[in-house]
Amino acid sequence: MSIPTLFATRVALGGEEQQLSFEKFPFSGLAKTYCVDSQVADSACTGTAYSCGVKANFFTLGVNAQVPAGDCNAANDPATHVQSLARWALDAGKSAGIVTTTTVTHASPGANYAHVADRMWENDFVVRQSGCDPNVVKDIARQLVEDSTGSRFSVILGGGRGHFRDVKYADEENGFGYRNDSRNLISEWLNDGKRNKKYVWNRNDLLNLPTNTEHLLGLFENGDMQFYLESQEKGTQNTEPTLAEMTRAAINVLKKNNKGFFLFVEGGRIDHGHHYTIPRAAIGEAIELHKAVQTAREMLSEDDSLIVVSSDHSHTMSVSGYPTRGNDIFGKVDRGLFGREAMGSDEKAYMTLSYANGPSISTQYRATSRVDPNTSDFSHWMSFYPFYVPLADVETHAGDDVGVFASGPFAHLFSGTMEQSHLPHLMAYAANIGKGPKH
């Protein structure tokens with residue numbers, strides 16, 4: 001969720017003067033997103049930074065920089081493990097939970113509980129495919145269900161059912177699991193002896209939870225959840241809850257603990273929309289995050305509940321040209337410099353939003369010349385937007401600083417330009433948890 005994404009989301013919401021819910025927070029700053037061995041970060045090393053307070057190597061999750069990416073054995077040493085804000089909260093007697101629109105085993109939510117040398121090790125099959133032994137290297141889904149942090153979560157909501165079931169187990173929506181070890185971790189989670197547990201896989205069940213639910217697992221897709229605009233087009237609202245609905249359900253479960261709670265909420269598919277160079281999808285997801293933050297702030301008092309909103313990293317989408325005020329943010333630039341027609345030197349119009357790089361398989365990429373907006377359709381939520389450098393895979397992240405917005409107790413600490421790894425220490429200070437300074 002880069003700064004240009006915030007701008008484009010405001011305009012999409014109704015105009016340049018609009019404010020996202022978290023932009024109304026009283027304090028804000030910037031976070032530097034580089035990781036130990038890379039100027040431009042991925043979601044694993046950044047997740048480790050803002051969840052565990054330690055910068056890590058590219059692609060590694062919940063471990064320090066002694067662990068190189070992909071090393072089968074390095075992360076097995078507990079001395080390399082770094083603990084998360086969620087763990088600090090649990091150890092203090094608070095409840096904890098995670099909510100995401102990606103898989104619950106994805107890098108960002110995974111940083112709350114997992115310790116691996118490769119963020120892709122979401123199930124045992126992937127571990128084996130990478131050349132490691134899944135009996136020695138515990139995959140991320142197993143760590144969520146079995147290990148001392150994830151197994152204590154009161155709320156787990158998002159996608160990723162496939163990572164919890166063997167291929168022989170049928171999925172609720174006619175798919176099959178991804179695992180290769182004959183295990184059904186969802187059943188194991190349900191039958192671990194804790195009281196008042198509930199597993200849901202669709203929106204209707206989430207919105208009609210028993211009032212005594214104390215432990216909630218909701219997995220709404222085999223893989224990532226659908227983009228919000230995708231679910232609207234397909235009419236799958238009965239199976240796909242919104243991020244705001246998941247946030248509300250999570251808070252209703254977690255707030256039963258009178259010692260308080262820590263909740264991680266991620267609009268994770270903002271990132272995916274940008275990777276595919278489909279900004280309508282990315283900005284649609286940013287609007288859903290705006291709604292989720294608004295829901296949380298309305299449900300919780302500023303007197304005792306700190307909310308911090310930030311991003312793991314930036315993307316290469318830019319806002320360019322001199323479009324007139326109120327011009328369609330998803331449209332072409334309607335005015336050039338000094339009132340001239342907005343036209344490139346190749347006599348083609350250009351879009352307000354474009355990317356520095358993107359997937360060469362995109363329908364908007366042409367090997368011989370730049371896409372002409374006057375002869376291309378950018379109106380669908382899945383429309384690929386123009387980019388400069390064609391890549392074999394997807395658009396890359398960018399190295400810009402990202403915004404930090406805070407509301408509630410000790411929100412004033414979240415100002416200026418910060419190392420991303422400072423964020424969890426500031427939250428822990430406010431909450432009087434962890435092993436560091438407390439207020």
# chains A, B, ... in the order shown; residues from 1 in each chain; ligands from 1
call {"tool": "residues_around", "arguments": {"residues": "Ser38 in chain A", "least_positions_apart": "6", "cutoff": "12 Å", "atoms": "only C-alpha atoms", "output": "list in words"}}
result
Cys45, Thr46, Lys55, Ala56, Asn57, Phe58, Phe59, Thr60, Ala65, Ala69, His397, Ala398 and Gly399 of chain A
call {"tool": "select_by_dssp", "arguments": {"residues": "range 208-424 of chain A", "states": "helix (DSSP H, G or I)", "output": "ChimeraX atom specification"}}
result
/A:228-234,243-254,269-275,279-299,337-339,373-375,411-413,420-424
call {"tool": "closest_residue", "arguments": {"among": "A:Ile156, A:Val11, A:Ala31, A:Ala170", "to": "Val253 in chain A", "atoms": "only C-alpha atoms"}}
result
A:Ile156
call {"tool": "select_by_dssp", "arguments": {"residues": "range 239-377 of chain A", "states": "strand (DSSP E)", "output": "number ranges by chain"}}
result
A: 261-266, 307-309, 314-315, 317-319, 353-359
call {"tool": "closest_residue", "arguments": {"among": "A:Asn135, A:Asn191, A:Ser28, A:Thr100", "to": "Asn73 in chain A", "atoms": "only C-alpha atoms"}}
result
A:Asn135
call {"tool": "residues_around", "arguments": {"residues": "Lys291 in chain A", "least_positions_apart": "3", "cutoff": "8 Å", "atoms": "only C-alpha atoms", "output": "list in words"}}
result
Ser21, Leu243, Ala244, Ile287, Glu288, Gln294 and Thr295 of chain A
call {"tool": "residues_around", "arguments": {"residues": "range 430-438 of chain A", "least_positions_apart": "6", "cutoff": "7 Å", "atoms": "only C-alpha atoms", "output": "PyMOL selection string"}}
result
chain A and resi 88-89+92+409-410
call {"tool": "residues_around", "arguments": {"residues": "Ile140 in chain A", "least_positions_apart": "3", "cutoff": "7 Å", "atoms": "only C-alpha atoms", "output": "list in words"}}
result
Thr105, Ala114, Trp121, Glu122, Asn123, Gln143 and Leu144 of chain A
call {"tool": "write_last_selection", "arguments": {"atoms": "C-alpha atoms", "output": "PDB file, in the first residue's frame"}}
result
ATOM      1  CA  THR A 105       0.022 -19.098   6.002  1.00  0.00           C
ATOM      2  CA  ALA A 114       6.202 -19.030  12.047  1.00  0.00           C
ATOM      3  CA  TRP A 121       6.987 -23.444   2.719  1.00  0.00           C
ATOM      4  CA  GLU A 122       3.254 -23.155   3.445  1.00  0.00           C
ATOM      5  CA  ASN A 123       2.716 -26.940   3.314  1.00  0.00           C
ATOM      6  CA  GLN A 143       3.487 -24.372  12.850  1.00  0.00           C
ATOM      7  CA  LEU A 144       0.188 -22.472  13.039  1.00  0.00           C
TER       8      LEU A 144
END
